[in-house]
$ cat protein.pdb   # PDB, C-alpha atoms, pLDDT in the B column
ATOM      1  CA  MET F   1     128.900  84.408 146.711  1.00 57.00           C
ATOM      2  CA  LEU F   2     126.942  84.792 143.484  1.00 52.00           C
ATOM      3  CA  GLU F   3     125.833  81.797 141.507  1.00 56.00           C
ATOM      4  CA  PHE F   4     124.700  82.146 137.904  1.00 50.00           C
ATOM      5  CA  VAL F   5     121.927  79.686 137.155  1.00 55.00           C
ATOM      6  CA  GLY F   6     120.951  80.914 133.688  1.00 57.00           C
ATOM      7  CA  ARG F   7     117.670  82.120 132.281  1.00 56.00           C
ATOM      8  CA  ALA F   8     114.391  80.659 133.456  1.00 60.00           C
ATOM      9  CA  ASP F   9     113.074  80.444 129.887  1.00 62.00           C
ATOM     10  CA  ALA F  10     116.265  78.899 128.367  1.00 63.00           C
ATOM     11  CA  GLN F  11     116.337  81.447 125.524  1.00 60.00           C
ATOM     12  CA  VAL F  12     119.611  82.490 123.962  1.00 60.00           C
ATOM     13  CA  LYS F  13     120.406  85.626 121.994  1.00 58.00           C
ATOM     14  CA  ILE F  14     121.746  85.284 118.443  1.00 59.00           C
ATOM     15  CA  ARG F  15     122.449  88.403 116.387  1.00 58.00           C
ATOM     16  CA  GLY F  16     120.227  90.386 118.714  1.00 57.00           C
ATOM     17  CA  PHE F  17     117.249  88.006 118.471  1.00 61.00           C
ATOM     18  CA  ARG F  18     116.038  85.813 121.330  1.00 60.00           C
ATOM     19  CA  VAL F  19     115.488  82.212 120.285  1.00 60.00           C
ATOM     20  CA  GLU F  20     114.714  78.912 121.951  1.00 62.00           C
ATOM     21  CA  PRO F  21     117.587  76.363 121.933  1.00 61.00           C
ATOM     22  CA  GLU F  22     115.536  73.907 119.866  1.00 61.00           C
ATOM     23  CA  GLN F  23     115.275  76.520 117.105  1.00 56.00           C
ATOM     24  CA  VAL F  24     119.068  76.574 116.918  1.00 54.00           C
ATOM     25  CA  ASP F  25     119.190  72.775 116.884  1.00 60.00           C
ATOM     26  CA  ARG F  26     116.785  72.705 113.931  1.00 49.00           C
ATOM     27  CA  GLY F  27     118.848  75.299 112.101  1.00 48.00           C
ATOM     28  CA  ALA F  28     115.980  77.758 112.320  1.00 48.00           C
ATOM     29  CA  SER F  29     117.840  80.610 113.964  1.00 43.00           C
ATOM     30  CA  PRO F  30     116.564  83.994 112.899  1.00 47.00           C
ATOM     31  CA  VAL F  31     118.472  85.906 110.284  1.00 51.00           C
ATOM     32  CA  PRO F  32     118.199  89.685 110.512  1.00 51.00           C
ATOM     33  CA  GLY F  33     117.092  89.888 106.875  1.00 48.00           C
ATOM     34  CA  ASP F  34     114.112  87.668 107.663  1.00 48.00           C
ATOM     35  CA  ALA F  35     112.916  90.018 110.365  1.00 44.00           C
ATOM     36  CA  VAL F  36     113.160  93.225 108.344  1.00 43.00           C
ATOM     37  CA  VAL F  37     109.989  94.242 106.606  1.00 43.00           C
ATOM     38  CA  ALA F  38     110.077  97.457 104.644  1.00 44.00           C
ATOM     39  CA  GLU F  39     107.073  99.166 106.215  1.00 61.00           C
ATOM     40  CA  GLN F  40     108.233 102.717 105.579  1.00 69.00           C
ATOM     41  CA  GLY F  41     110.037 103.064 102.286  1.00 75.00           C
ATOM     42  CA  PRO F  42     112.444 105.863 101.460  1.00 82.00           C
ATOM     43  CA  ARG F  43     110.918 109.149 100.311  1.00 86.00           C
ATOM     44  CA  THR F  44     113.998 111.201  99.397  1.00 87.00           C
ATOM     45  CA  ARG F  45     117.296 110.595  97.598  1.00 86.00           C
ATOM     46  CA  HIS F  46     119.153 110.635 100.928  1.00 88.00           C
ATOM     47  CA  GLU F  47     116.766 108.055 102.374  1.00 91.00           C
ATOM     48  CA  ARG F  48     117.076 105.833  99.271  1.00 91.00           C
ATOM     49  CA  VAL F  49     120.880 105.935  99.396  1.00 91.00           C
ATOM     50  CA  LEU F  50     120.938 105.350 103.150  1.00 93.00           C
ATOM     51  CA  CYS F  51     118.462 102.453 103.096  1.00 92.00           C
ATOM     52  CA  ALA F  52     120.523 100.767 100.365  1.00 91.00           C
ATOM     53  CA  ALA F  53     123.766 101.472 102.254  1.00 92.00           C
ATOM     54  CA  PHE F  54     122.363 100.120 105.536  1.00 93.00           C
ATOM     55  CA  ALA F  55     121.139  96.969 103.790  1.00 91.00           C
ATOM     56  CA  ASP F  56     124.474  96.474 102.030  1.00 90.00           C
ATOM     57  CA  ALA F  57     126.517  97.039 105.201  1.00 90.00           C
ATOM     58  CA  LEU F  58     124.341  94.555 107.103  1.00 91.00           C
ATOM     59  CA  GLY F  59     123.977  91.955 104.331  1.00 90.00           C
ATOM     60  CA  LEU F  60     120.205  92.423 104.171  1.00 90.00           C
ATOM     61  CA  GLU F  61     117.861  92.618 101.213  1.00 89.00           C
ATOM     62  CA  SER F  62     116.207  95.838 102.384  1.00 88.00           C
ATOM     63  CA  VAL F  63     116.015  98.104 105.402  1.00 89.00           C
ATOM     64  CA  ASP F  64     113.106 100.246 106.585  1.00 90.00           C
ATOM     65  CA  ILE F  65     113.900 103.944 107.125  1.00 91.00           C
ATOM     66  CA  ASP F  66     112.962 103.536 110.806  1.00 92.00           C
ATOM     67  CA  ALA F  67     115.026 100.381 111.445  1.00 92.00           C
ATOM     68  CA  ASP F  68     117.924 100.875 113.870  1.00 93.00           C
ATOM     69  CA  PHE F  69     121.318 100.016 112.322  1.00 94.00           C
ATOM     70  CA  PHE F  70     122.626  98.517 115.559  1.00 93.00           C
ATOM     71  CA  ASP F  71     119.461  96.579 116.391  1.00 92.00           C
ATOM     72  CA  LEU F  72     119.794  94.937 112.959  1.00 92.00           C
ATOM     73  CA  GLY F  73     123.284  93.675 113.797  1.00 91.00           C
ATOM     74  CA  GLY F  74     125.455  96.679 112.936  1.00 92.00           C
ATOM     75  CA  ASN F  75     128.624  97.275 114.903  1.00 91.00           C
ATOM     76  CA  SER F  76     131.308  99.959 114.998  1.00 89.00           C
ATOM     77  CA  PHE F  77     133.291  98.370 112.144  1.00 91.00           C
ATOM     78  CA  ALA F  78     130.218  98.246 109.920  1.00 91.00           C
ATOM     79  CA  ALA F  79     129.460 101.839 110.968  1.00 92.00           C
ATOM     80  CA  MET F  80     132.943 102.915 109.791  1.00 92.00           C
ATOM     81  CA  ARG F  81     132.349 101.333 106.383  1.00 90.00           C
ATOM     82  CA  LEU F  82     128.872 102.832 106.240  1.00 93.00           C
ATOM     83  CA  ALA F  83     130.121 106.342 107.100  1.00 93.00           C
ATOM     84  CA  ASP F  84     132.784 106.138 104.390  1.00 91.00           C
ATOM     85  CA  TYR F  85     130.292 104.891 101.790  1.00 90.00           C
ATOM     86  CA  VAL F  86     127.699 107.550 102.653  1.00 91.00           C
ATOM     87  CA  SER F  87     130.324 110.320 102.533  1.00 90.00           C
ATOM     88  CA  ARG F  88     131.383 109.224  99.043  1.00 90.00           C
ATOM     89  CA  GLU F  89     127.894 108.523  97.720  1.00 89.00           C
ATOM     90  CA  LEU F  90     126.186 111.671  98.998  1.00 88.00           C
ATOM     91  CA  GLY F  91     129.210 113.949  98.903  1.00 88.00           C
ATOM     92  CA  THR F  92     128.635 114.981 102.506  1.00 87.00           C
ATOM     93  CA  GLU F  93     130.832 114.494 105.547  1.00 87.00           C
ATOM     94  CA  THR F  94     129.438 111.586 107.569  1.00 90.00           C
ATOM     95  CA  SER F  95     131.077 110.307 110.736  1.00 91.00           C
ATOM     96  CA  ILE F  96     130.643 107.246 112.894  1.00 92.00           C
ATOM     97  CA  ARG F  97     129.321 109.585 115.559  1.00 93.00           C
ATOM     98  CA  ASP F  98     126.544 110.626 113.153  1.00 93.00           C
ATOM     99  CA  ILE F  99     125.515 106.980 112.807  1.00 94.00           C
ATOM    100  CA  PHE F 100     125.549 106.375 116.563  1.00 94.00           C
ATOM    101  CA  GLU F 101     123.497 109.521 117.195  1.00 95.00           C
ATOM    102  CA  ALA F 102     121.111 108.941 114.262  1.00 94.00           C
ATOM    103  CA  PRO F 103     121.040 105.133 113.838  1.00 94.00           C
ATOM    104  CA  THR F 104     118.112 104.893 111.406  1.00 94.00           C
ATOM    105  CA  ALA F 105     118.179 105.821 107.729  1.00 93.00           C
ATOM    106  CA  GLY F 106     115.389 108.337 108.338  1.00 93.00           C
ATOM    107  CA  GLU F 107     117.172 110.027 111.241  1.00 94.00           C
ATOM    108  CA  LEU F 108     120.516 110.068 109.456  1.00 94.00           C
ATOM    109  CA  ALA F 109     118.948 111.490 106.278  1.00 92.00           C
ATOM    110  CA  ALA F 110     117.366 114.315 108.295  1.00 92.00           C
ATOM    111  CA  ARG F 111     120.655 114.969 110.081  1.00 90.00           C
ATOM    112  CA  LEU F 112     122.630 115.110 106.824  1.00 88.00           C
ATOM    113  CA  ALA F 113     120.022 117.287 105.119  1.00 84.00           C
ATOM    114  CA  GLY F 114     120.163 119.684 108.089  1.00 76.00           C
ATOM    115  CA  ALA F 115     123.953 119.809 107.905  1.00 70.00           C
ATOM    116  CA  GLU F 116     123.771 120.640 104.183  1.00 66.00           C
ATOM    117  CA  ARG F 117     121.325 123.497 104.846  1.00 67.00           C
ATOM    118  CA  ASN F 118     123.511 124.865 107.670  1.00 64.00           C
ATOM    119  CA  GLY F 119     126.824 124.299 105.945  1.00 58.00           C
TER     120      GLY F 119
END
$ encode --input "protein.pdb" --output "structure tokens"
Amino acid sequence: MLEFVGRADAQVKIRGFRVEPEQVDRGASPVPGDAVVAEQGPRTRHERVLCAAFADALGLESVDIDADFFDLGGNSFAAMRLADYVSRELGTETSIRDIFEAPTAGELAARLAGAERNG
């Protein structure tokens, strides 16, 4: 028989962030936008469009080109909306699979640029 006794440190996970229960009680739970610091800004048009699209899809103010879409709270529904937006905005075919395989704006920009060169 297995008995679940919980975590030794009493932390809970909210939107992908580990927090102490008293932080939740105080209303101080982390918001993904608070944790995102734009350390590496976009360098190309693709990166600018993708950073803005990631931020919009996730409800954040900004997103670093190396920030993982799913680690920031993205899910498959948000990825569908993101793929549609990117396809329209950049005029290039973008699929949900592309986002899962290249989950950062930098990786996705490189992938799309490579597809344009090869296509």
$ closest_residue --input "protein.pdb" --among "F:Leu60, F:Leu90, F:Met80, F:Ile99" --to "F:Glu47" --atoms "only C-alpha atoms"
F:Leu90
$ atom_distance --input "protein.pdb" --atom1 "atom CA of F:Asn75" --atom2 "atom CA of F:Arg45"
24.6 Å
$ residues_around --input "protein.pdb" --residues "stretch 64-69 of chain F" --least-positions-apart "5" --cutoff "10 Å" --atoms "all atoms listed in the file" --output "NGL selection string"
:F and (36-43 or 47-48 or 50-52 or 54-55 or 57-58 or 74-75 or 78-79 or 99-100 or 102-109)
$ residues_around --input "protein.pdb" --residues "F:Ala115" --least-positions-apart "6" --cutoff "10 Å" --atoms "only C-alpha atoms" --output "PyMOL selection string"
chain F and resi 92-94+109
$ axis_aligned_box --input "protein.pdb" --around "stretch 71-79 of chain F" --padding-each-side "8 Å" --output "JSON"
{"center_x": 126.4, "center_y": 97.8, "center_z": 113.2, "size_x": 29.8, "size_y": 24.2, "size_z": 22.5}
